[in-house]
$ cat entry.cif   # mmCIF, C-alpha atoms
data_upload
#
loop_
_atom_site.label_atom_id
_atom_site.label_comp_id
_atom_site.auth_asym_id
_atom_site.auth_seq_id
_atom_site.Cartn_x
_atom_site.Cartn_y
_atom_site.Cartn_z
CA MET S 1 103.42 34.93 19.93
CA THR S 2 103.20 36.87 16.68
CA LEU S 3 102.21 35.30 13.39
CA GLU S 4 105.79 35.70 12.11
CA THR S 5 107.19 33.85 15.13
CA LEU S 6 104.66 31.04 14.80
CA ALA S 7 105.37 30.76 11.07
CA ALA S 8 109.09 30.41 11.79
CA ILE S 9 108.42 27.77 14.46
CA TRP S 10 106.27 25.79 12.03
CA PHE S 11 108.92 25.99 9.34
CA LEU S 12 111.34 24.49 11.87
CA LEU S 13 108.84 21.76 12.78
CA TRP S 14 108.17 21.12 9.08
CA ALA S 15 111.89 20.69 8.51
CA VAL S 16 112.20 18.36 11.51
CA LEU S 17 109.32 16.18 10.30
CA TRP S 18 110.92 15.73 6.89
CA THR S 19 114.31 15.06 8.44
CA VAL S 20 112.95 12.39 10.77
CA TYR S 21 111.17 10.79 7.82
CA PHE S 22 114.37 10.70 5.75
CA MET S 23 116.28 9.14 8.66
CA THR S 24 113.68 6.52 9.59
CA ASP S 25 112.06 5.47 6.33
CA GLY S 26 115.41 5.83 4.61
CA TYR S 27 116.70 2.53 5.93
CA THR S 28 113.44 0.74 5.10
CA LEU S 29 113.60 2.05 1.53
CA GLY S 30 117.24 0.94 1.38
CA THR S 31 116.26 -2.50 2.66
CA GLY S 32 113.65 -2.65 -0.08
CA MET S 33 116.26 -1.81 -2.73
CA LEU S 34 118.47 -4.59 -1.42
CA THR S 35 115.78 -7.26 -1.20
CA PRO S 36 115.97 -8.49 -4.83
CA LEU S 37 119.77 -8.20 -4.76
CA VAL S 38 120.75 -10.09 -1.59
CA THR S 39 117.97 -12.65 -1.11
CA LYS S 40 118.22 -16.05 -2.82
CA ASN S 41 115.17 -17.90 -1.51
CA LYS S 42 111.87 -17.55 0.33
CA ALA S 43 113.43 -17.89 3.80
CA GLU S 44 115.81 -15.01 3.14
CA ARG S 45 113.00 -12.86 1.73
CA LYS S 46 111.01 -13.50 4.92
CA GLN S 47 114.08 -12.48 6.88
CA MET S 48 114.29 -9.19 4.97
CA GLN S 49 110.58 -8.60 5.50
CA GLU S 50 110.96 -9.02 9.23
CA VAL S 51 114.05 -6.78 9.39
CA ILE S 52 111.76 -3.81 8.71
CA GLY S 53 108.35 -5.38 9.44
CA PRO S 54 107.67 -3.84 12.87
CA PHE S 55 108.94 -0.40 11.85
CA TRP S 56 108.22 0.59 8.26
CA GLY S 57 104.55 1.52 8.76
CA GLY S 58 105.36 3.70 11.76
CA ASN S 59 108.19 5.35 9.86
CA GLU S 60 105.84 6.40 7.07
CA VAL S 61 103.68 8.21 9.63
CA TRP S 62 106.32 10.96 9.50
CA LEU S 63 105.70 11.40 5.76
CA ILE S 64 101.96 11.72 6.36
CA THR S 65 102.59 14.14 9.23
CA ALA S 66 104.93 16.28 7.11
CA GLY S 67 102.30 16.46 4.38
CA GLY S 68 99.55 17.23 6.89
CA ALA S 69 101.64 19.94 8.53
CA THR S 70 102.19 21.55 5.13
CA PHE S 71 98.44 21.63 4.51
CA ALA S 72 97.51 22.88 7.98
CA ALA S 73 100.29 25.45 8.47
CA PHE S 74 101.03 26.60 4.91
CA SER S 75 97.99 25.67 2.83
CA ASN S 76 98.96 27.91 -0.10
CA VAL S 77 102.29 26.08 -0.35
CA TYR S 78 100.45 22.75 -0.22
CA ALA S 79 98.16 23.81 -3.06
CA LYS S 80 100.96 25.14 -5.25
CA MET S 81 103.18 22.14 -4.50
CA PHE S 82 100.54 19.61 -5.51
CA SER S 83 99.62 21.52 -8.66
CA SER S 84 103.27 22.08 -9.64
CA LEU S 85 104.44 18.55 -8.88
CA TYR S 86 101.18 16.76 -9.67
CA GLU S 87 102.57 14.07 -11.97
CA ALA S 88 105.61 13.46 -9.77
CA LEU S 89 103.50 13.18 -6.62
CA ILE S 90 101.01 10.82 -8.28
CA LEU S 91 103.97 8.65 -9.31
CA LEU S 92 105.30 8.83 -5.74
CA LEU S 93 101.91 7.77 -4.33
CA ALA S 94 101.72 4.89 -6.81
CA CYS S 95 105.18 3.70 -5.75
CA LEU S 96 104.24 3.91 -2.07
CA PHE S 97 101.07 1.94 -2.80
CA PHE S 98 102.70 -0.84 -4.83
CA ARG S 99 105.65 -1.03 -2.45
CA ALA S 100 103.27 -1.77 0.42
CA ILE S 101 101.32 -4.34 -1.61
CA ALA S 102 104.53 -6.11 -2.68
CA LEU S 103 105.85 -6.25 0.87
CA GLU S 104 102.62 -7.44 2.44
CA LEU S 105 101.48 -9.90 -0.25
CA MET S 106 104.81 -11.32 -1.39
CA HIS S 107 104.26 -14.72 0.22
CA LYS S 108 100.47 -14.91 0.15
CA ASP S 109 100.80 -17.07 -2.97
CA ASP S 110 103.36 -19.84 -3.42
CA ASN S 111 103.63 -19.23 -7.15
CA PRO S 112 107.36 -18.46 -7.79
CA LYS S 113 106.44 -15.97 -10.53
CA TRP S 114 104.25 -14.00 -8.11
CA GLN S 115 106.95 -13.99 -5.44
CA ASN S 116 109.59 -12.90 -7.95
CA PHE S 117 107.30 -10.12 -9.22
CA CYS S 118 106.67 -8.87 -5.68
CA LYS S 119 110.36 -9.01 -4.84
CA TRP S 120 111.30 -6.81 -7.77
CA CYS S 121 108.28 -4.56 -7.35
CA PHE S 122 109.31 -3.95 -3.75
CA GLY S 123 112.87 -3.15 -4.78
CA ILE S 124 112.09 -0.96 -7.78
CA CYS S 125 109.35 1.02 -6.00
CA SER S 126 111.68 1.64 -3.04
CA LEU S 127 114.34 2.95 -5.44
CA LEU S 128 111.85 5.17 -7.30
CA ILE S 129 110.54 6.67 -4.05
CA ALA S 130 114.08 7.64 -3.05
CA ILE S 131 114.83 9.14 -6.46
CA LEU S 132 111.53 11.05 -6.60
CA LEU S 133 112.11 12.55 -3.14
CA GLY S 134 115.60 13.65 -4.17
CA VAL S 135 114.33 15.18 -7.41
CA ALA S 136 111.50 16.98 -5.58
CA PHE S 137 113.67 18.54 -2.89
CA SER S 138 116.36 19.47 -5.40
CA ASN S 139 113.70 21.38 -7.32
CA PHE S 140 112.71 23.12 -4.08
CA TYR S 141 116.32 24.27 -3.68
CA LEU S 142 116.75 25.18 -7.35
CA GLY S 143 113.37 26.81 -7.73
CA LEU S 144 110.25 26.05 -9.77
CA ASP S 145 108.83 27.83 -12.82
CA LEU S 146 106.33 29.78 -10.71
CA GLY S 147 104.92 32.86 -12.41
CA PRO S 148 101.78 34.99 -12.54
CA ASN S 149 99.75 32.00 -13.78
CA GLY S 150 101.09 29.58 -11.19
CA TYR S 151 103.37 26.76 -12.29
CA GLU S 152 104.41 27.36 -15.90
CA GLY S 153 106.56 24.27 -16.41
CA ASN S 154 105.75 20.60 -16.86
CA PHE S 155 106.90 17.22 -15.54
CA PHE S 156 110.01 17.23 -17.71
CA SER S 157 110.97 20.69 -16.41
CA LEU S 158 111.73 18.95 -13.12
CA LEU S 159 114.27 16.56 -14.63
CA GLY S 160 117.38 18.66 -15.13
CA MET S 161 120.89 17.47 -14.31
CA TYR S 162 120.88 18.98 -10.81
CA PRO S 163 117.55 17.41 -9.70
CA ILE S 164 118.61 14.03 -11.12
CA LEU S 165 121.87 14.32 -9.17
CA GLY S 166 119.72 14.90 -6.07
CA GLY S 167 117.68 11.80 -6.86
CA VAL S 168 120.86 9.72 -7.15
CA LEU S 169 122.14 11.13 -3.86
CA PHE S 170 118.93 10.30 -1.97
CA ALA S 171 118.99 6.77 -3.38
CA LEU S 172 122.60 6.34 -2.21
CA PHE S 173 121.81 7.75 1.24
CA PHE S 174 118.99 5.26 1.70
CA LEU S 175 120.89 2.34 0.17
CA ALA S 176 123.79 2.90 2.58
CA SER S 177 121.38 3.20 5.49
CA GLY S 178 119.50 0.05 4.49
CA ALA S 179 122.64 -2.04 3.91
CA LEU S 180 123.90 -1.16 7.38
CA TRP S 181 120.49 -1.70 8.99
CA VAL S 182 120.29 -5.23 7.56
CA GLN S 183 123.65 -6.01 9.18
CA LEU S 184 122.43 -4.60 12.49
CA LYS S 185 119.14 -6.48 12.54
CA ALA S 186 119.85 -9.78 10.79
CA GLU S 187 122.21 -12.71 10.81
CA GLY S 188 123.41 -15.02 8.06
CA GLU S 189 124.11 -14.76 4.37
CA ILE S 190 122.06 -11.62 3.69
CA CYS S 191 124.34 -9.72 6.08
CA LYS S 192 127.45 -10.88 4.27
CA ARG S 193 125.99 -9.90 0.92
CA SER S 194 124.91 -6.51 2.31
CA GLN S 195 128.45 -5.68 3.42
CA SER S 196 129.72 -5.03 -0.10
CA TYR S 197 126.73 -2.83 -0.88
CA ALA S 198 127.31 -0.85 2.32
CA LYS S 199 130.94 -0.21 1.40
CA VAL S 200 130.13 0.93 -2.13
CA ALA S 201 127.13 3.01 -1.04
CA THR S 202 128.93 4.89 1.77
CA VAL S 203 131.88 5.76 -0.48
CA ALA S 204 129.59 6.80 -3.35
CA THR S 205 127.40 8.83 -0.98
CA LEU S 206 130.41 10.75 0.30
CA ALA S 207 131.60 11.52 -3.24
CA ILE S 208 128.19 12.53 -4.61
CA SER S 209 127.46 14.59 -1.46
CA ALA S 210 130.55 16.70 -2.10
CA ILE S 211 129.58 17.22 -5.75
CA TYR S 212 125.97 18.02 -4.81
CA LEU S 213 126.93 20.60 -2.18
CA VAL S 214 129.14 22.45 -4.65
CA ALA S 215 126.46 22.18 -7.34
CA THR S 216 123.83 23.60 -4.98
CA PHE S 217 125.81 26.74 -4.24
CA ASN S 218 126.41 27.24 -7.97
CA ALA S 219 123.07 26.18 -9.47
CA ALA S 220 120.55 27.39 -6.87
CA PRO S 221 120.81 31.22 -6.67
CA VAL S 222 118.81 31.64 -3.45
CA MET S 223 120.48 28.87 -1.43
CA PRO S 224 123.80 30.63 -0.59
CA THR S 225 122.12 33.75 0.83
CA ASN S 226 121.74 32.65 4.46
CA TYR S 227 125.17 31.03 4.43
CA ASN S 228 126.83 34.19 3.14
CA ASN S 229 124.94 36.34 5.65
CA TYR S 230 125.91 34.02 8.53
CA PRO S 231 129.20 32.28 7.60
CA ILE S 232 129.09 30.08 10.71
CA LEU S 233 126.32 28.15 8.96
CA TYR S 234 128.90 26.75 6.55
CA ALA S 235 129.66 24.32 9.38
CA VAL S 236 126.50 22.42 8.37
CA PRO S 237 127.64 21.31 4.87
CA VAL S 238 131.06 20.57 6.38
CA LEU S 239 129.34 18.23 8.86
CA VAL S 240 127.69 16.41 5.94
CA LEU S 241 131.15 15.50 4.66
CA VAL S 242 132.59 14.77 8.12
CA PHE S 243 129.79 12.33 8.93
CA GLY S 244 130.21 10.83 5.47
CA ILE S 245 133.93 10.21 6.05
CA LEU S 246 133.21 8.64 9.44
CA ALA S 247 130.51 6.44 7.91
CA VAL S 248 133.02 5.10 5.38
CA LEU S 249 135.67 4.47 8.03
CA PHE S 250 133.31 2.66 10.40
CA THR S 251 131.82 0.62 7.56
CA PHE S 252 135.21 -0.66 6.44
CA LYS S 253 136.18 -1.37 10.06
CA LYS S 254 132.93 -3.34 10.43
CA LYS S 255 131.71 -1.16 13.31
CA ILE S 256 128.21 -1.30 11.92
CA GLY S 257 126.33 0.44 14.74
CA TYR S 258 128.63 3.47 14.55
CA ALA S 259 128.47 3.45 10.74
CA PHE S 260 124.67 3.41 10.75
CA THR S 261 124.61 6.28 13.24
CA MET S 262 126.98 8.31 11.06
CA VAL S 263 124.81 7.76 7.97
CA CYS S 264 121.75 8.92 9.94
CA LEU S 265 123.64 12.02 11.07
CA GLN S 266 124.82 12.60 7.51
CA ILE S 267 121.20 12.51 6.32
CA ALA S 268 120.12 14.84 9.15
CA SER S 269 122.89 17.37 8.46
CA PHE S 270 122.21 17.23 4.73
CA SER S 271 118.52 17.89 5.38
CA ALA S 272 119.45 20.80 7.67
CA PHE S 273 121.70 22.16 4.92
CA GLY S 274 118.75 22.31 2.53
CA PHE S 275 116.22 23.82 4.89
CA ILE S 276 118.68 26.44 6.16
CA GLY S 277 119.34 27.52 2.59
CA MET S 278 115.62 27.70 1.78
CA PHE S 279 114.53 29.73 4.83
CA PRO S 280 112.26 31.71 4.80
CA ASN S 281 111.30 30.46 1.34
CA MET S 282 109.20 27.34 0.87
CA LEU S 283 108.65 27.36 -2.89
CA ILE S 284 111.18 29.45 -4.77
CA SER S 285 110.30 30.97 -8.16
CA ARG S 286 112.97 30.79 -10.84
CA ILE S 287 111.02 33.27 -12.95
CA ASP S 288 111.02 36.06 -10.35
CA PRO S 289 112.01 35.06 -6.79
CA GLU S 290 110.90 38.38 -5.32
CA ALA S 291 107.45 38.46 -6.91
CA TYR S 292 106.33 34.82 -7.05
CA SER S 293 108.16 32.84 -4.37
CA LEU S 294 106.08 31.48 -1.51
CA THR S 295 107.59 32.16 1.89
CA ILE S 296 106.56 31.31 5.42
CA TYR S 297 105.31 34.87 5.79
CA ASN S 298 103.04 35.11 2.73
CA SER S 299 101.80 31.52 3.01
CA ALA S 300 101.20 30.95 6.71
CA ASN S 301 97.68 30.24 7.92
CA SER S 302 96.07 32.24 10.70
CA GLU S 303 97.73 32.85 14.06
CA THR S 304 94.96 30.91 15.83
CA THR S 305 95.40 27.89 13.56
CA LEU S 306 99.17 27.81 14.03
CA MET S 307 98.88 28.16 17.81
CA ILE S 308 96.31 25.36 18.14
CA MET S 309 98.43 23.12 15.94
CA LEU S 310 101.53 23.90 17.98
CA ILE S 311 99.79 22.85 21.19
CA VAL S 312 98.56 19.64 19.56
CA ALA S 313 102.04 18.90 18.21
CA LEU S 314 103.67 19.44 21.59
CA ILE S 315 101.27 16.91 23.12
CA PHE S 316 101.15 14.18 20.48
CA VAL S 317 104.57 14.21 18.79
CA PRO S 318 106.31 13.08 22.02
CA ILE S 319 103.72 10.29 22.30
CA VAL S 320 104.52 9.11 18.77
CA ILE S 321 108.24 9.25 19.49
CA ALA S 322 107.78 7.29 22.72
CA TYR S 323 105.74 4.66 20.89
CA GLN S 324 108.37 4.25 18.21
CA ILE S 325 111.16 3.97 20.78
CA TRP S 326 109.12 1.28 22.56
CA ALA S 327 108.72 -0.59 19.25
CA TYR S 328 112.48 -0.55 18.66
CA VAL S 329 113.11 -1.85 22.17
CA LEU S 330 110.42 -4.53 21.88
CA PHE S 331 111.73 -5.84 18.53
CA ARG S 332 115.43 -5.43 19.25
CA ARG S 333 116.37 -9.10 18.73
CA LYS S 334 118.23 -10.10 15.60
CA VAL S 335 116.31 -11.83 12.82
CA THR S 336 117.56 -15.18 11.55
CA LYS S 337 116.26 -17.41 8.77
CA GLU S 338 115.06 -19.83 11.44
CA ASN S 339 112.97 -17.38 13.47
CA ALA S 340 111.74 -15.18 10.57
CA THR S 341 108.06 -15.66 9.82
CA GLY S 342 107.67 -12.84 7.27
CA TYR S 343 104.09 -11.92 6.37
#

$ encode --input "entry.cif" --output "structure tokens"
Amino acid sequence: MTLETLAAIWFLLWAVLWTVYFMTDGYTLGTGMLTPLVTKNKAERKQMQEVIGPFWGGNEVWLITAGGATFAAFSNVYAKMFSSLYEALILLLACLFFRAIALELMHKDDNPKWQNFCKWCFGICSLLIAILLGVAFSNFYLGLDLGPNGYEGNFFSLLGMYPILGGVLFALFFLASGALWVQLKAEGEICKRSQSYAKVATVATLAISAIYLVATFNAAPVMPTNYNNYPILYAVPVLVLVFGILAVLFTFKKKIGYAFTMVCLQIASFSAFGFIGMFPNMLISRIDPEAYSLTIYNSANSETTLMIMLIVALIFVPIVIAYQIWAYVLFRRKVTKENATGY
């Protein structure tokens, strides 16, 4: 295979890794957001811990893999991304760190103040992670201030109205996913309390998705190019709205399994919408897209590197998927206050 073909394959794999991460860790982040809102005592907090306990660490492997694939396949993009988004990524890492500490250590001390702190730390960090991811990817779609001297903006350059709208949308996606997941995996009062959040979140997600899609085609100059060149691709943003409508209908009809599936498909189609619009760009320059944007072609590593990585990915990614499927089968029982042991 040629270097161009391998670069295109790795862009596709890169997009798939991010999409799987959004779908899997999305519901665990949503569960984290809900924890301080729907739990009233230690037993219910343990129940929420166990709802995601066997899965959340494995789900975050996809984030690590997406980052590793960026470094190994498109190292120039990795370098520019971390220098351009340094403050935002440090904040993201801090939230990931404190989220894990809060989840794992919440009940290691019986002091109510410590448990309350951990509960809110878990919820707030989960919310911030969702918002930061939405802001980051919205800036990828919109473009960064990349010029002859590299990134010429600052942290506050990333916080325009469009990126903030993206952060809100990601938070709503994950909140809807988490509220439905809790109802799938748990029994009791936390499920009843999660129902109202699921209804509000699915409706809000549908509304904000529609606004965001229109805003993207108007605010991000590069994004419409592939869609205009191949009009059939407009089916993808339409699917985002179709899955969103179905998620709302199933949520209100209390068909939770179908609703959760529709939210996952909505996230997947939304992710596809973004990556299709970006291709073949990876970091778009707002200063001069032609001169300073990083694409899969001017950022790809060597043909040998990409081929070796592809072989490794074809061997080990199916193993990871099989392991995660096994985990979901093994821990398929519902969690009640009586059988929840927490951490």

$ closest_residue --input "entry.cif" --among "S:Met81, S:Ala186, S:Leu127, S:Val236" --to "S:Val51" --atoms "all atoms listed in the file"
S:Ala186

$ residues_around --input "entry.cif" --residues "S:Phe174" --least-positions-apart "4" --cutoff "12 Å" --atoms "all atoms listed in the file" --output "VMD selection string"
chain S and resid 21 to 34 126 to 131 133 to 134 167 to 170 178 to 181 197 to 198 201 to 202 204 to 205 260 263 to 264 266 to 267

$ write_last_selection --input "entry.cif" --atoms "C-alpha atoms" --output "mmCIF file, keeping the file's coordinate frame"
data_model
loop_
_atom_site.group_PDB
_atom_site.id
_atom_site.type_symbol
_atom_site.label_atom_id
_atom_site.label_comp_id
_atom_site.auth_asym_id
_atom_site.auth_seq_id
_atom_site.Cartn_x
_atom_site.Cartn_y
_atom_site.Cartn_z
ATOM 1 C CA TYR S 21 111.170 10.790 7.820
ATOM 2 C CA PHE S 22 114.370 10.700 5.750
ATOM 3 C CA MET S 23 116.280 9.140 8.660
ATOM 4 C CA THR S 24 113.680 6.520 9.590
ATOM 5 C CA ASP S 25 112.060 5.470 6.330
ATOM 6 C CA GLY S 26 115.410 5.830 4.610
ATOM 7 C CA TYR S 27 116.700 2.530 5.930
ATOM 8 C CA THR S 28 113.440 0.740 5.100
ATOM 9 C CA LEU S 29 113.600 2.050 1.530
ATOM 10 C CA GLY S 30 117.240 0.940 1.380
ATOM 11 C CA THR S 31 116.260 -2.500 2.660
ATOM 12 C CA GLY S 32 113.650 -2.650 -0.080
ATOM 13 C CA MET S 33 116.260 -1.810 -2.730
ATOM 14 C CA LEU S 34 118.470 -4.590 -1.420
ATOM 15 C CA SER S 126 111.680 1.640 -3.040
ATOM 16 C CA LEU S 127 114.340 2.950 -5.440
ATOM 17 C CA LEU S 128 111.850 5.170 -7.300
ATOM 18 C CA ILE S 129 110.540 6.670 -4.050
ATOM 19 C CA ALA S 130 114.080 7.640 -3.050
ATOM 20 C CA ILE S 131 114.830 9.140 -6.460
ATOM 21 C CA LEU S 133 112.110 12.550 -3.140
ATOM 22 C CA GLY S 134 115.600 13.650 -4.170
ATOM 23 C CA GLY S 167 117.680 11.800 -6.860
ATOM 24 C CA VAL S 168 120.860 9.720 -7.150
ATOM 25 C CA LEU S 169 122.140 11.130 -3.860
ATOM 26 C CA PHE S 170 118.930 10.300 -1.970
ATOM 27 C CA GLY S 178 119.500 0.050 4.490
ATOM 28 C CA ALA S 179 122.640 -2.040 3.910
ATOM 29 C CA LEU S 180 123.900 -1.160 7.380
ATOM 30 C CA TRP S 181 120.490 -1.700 8.990
ATOM 31 C CA TYR S 197 126.730 -2.830 -0.880
ATOM 32 C CA ALA S 198 127.310 -0.850 2.320
ATOM 33 C CA ALA S 201 127.130 3.010 -1.040
ATOM 34 C CA THR S 202 128.930 4.890 1.770
ATOM 35 C CA ALA S 204 129.590 6.800 -3.350
ATOM 36 C CA THR S 205 127.400 8.830 -0.980
ATOM 37 C CA PHE S 260 124.670 3.410 10.750
ATOM 38 C CA VAL S 263 124.810 7.760 7.970
ATOM 39 C CA CYS S 264 121.750 8.920 9.940
ATOM 40 C CA GLN S 266 124.820 12.600 7.510
ATOM 41 C CA ILE S 267 121.200 12.510 6.320
#

$ residues_around --input "entry.cif" --residues "S:Glu303" --least-positions-apart "4" --cutoff "12 Å" --atoms "all atoms listed in the file" --output "ChimeraX atom specification"
/S:1-10,72-74,297,299,307-310

$ resolve_selection --input "entry.cif" --expression "the PyMOL selection byres ((chain S and resi 103-110) around 12)" --output "VMD selection string"
chain S and resid 28 to 29 31 to 33 35 to 36 41 to 53 56 to 57 95 to 102 111 to 126 341 to 343

$ atom_distance --input "entry.cif" --atom1 "atom CA of S:Ser84" --atom2 "atom CA of S:Leu283"
10.1 Å

$ resolve_selection --input "entry.cif" --expression "the PyMOL selection byres ((chain S and resi 327) around 12)" --output "VMD selection string"
chain S and resid 52 to 59 320 to 326 328 to 333

$ residues_around --input "entry.cif" --residues "S:Met278" --least-positions-apart "4" --cutoff "7 Å" --atoms "all atoms listed in the file" --output "compact mmCIF listing (two decimals) with C-alpha atoms, keeping the file's coordinate frame"
# COMPACT_ATOMS: atom_id res chain seq x y z
CA TYR S 141 116.32 24.27 -3.68
CA MET S 223 120.48 28.87 -1.43
CA GLY S 274 118.75 22.31 2.53
CA MET S 282 109.20 27.34 0.87

$ resolve_selection --input "entry.cif" --expression "the PyMOL selection byres ((chain S and resi 275) around 12)" --output "ChimeraX atom specification"
/S:8,11-19,137-138,140-141,222-224,226-227,233,236-237,268-274,276-283

$ closest_residue --input "entry.cif" --among "S:Ile311, S:Asp288, S:Ser177, S:Asn301" --to "S:Phe71" --atoms "only C-alpha atoms"
S:Asn301

$ closest_residue --input "entry.cif" --among "S:Leu158, S:Leu146, S:Val203, S:Asn229" --to "S:Val77" --atoms "only C-alpha atoms"
S:Leu146

$ closest_residue --input "entry.cif" --among "S:Tyr151, S:Tyr162, S:Tyr78, S:Phe156" --to "S:Tyr212" --atoms "only C-alpha atoms"
S:Tyr162

$ atom_distance --input "entry.cif" --atom1 "atom CA of S:Leu265" --atom2 "atom CA of S:Ala207"
16.4 Å

$ atom_distance --input "entry.cif" --atom1 "atom CA of S:Ala220" --atom2 "atom CA of S:Gly147"
17.5 Å
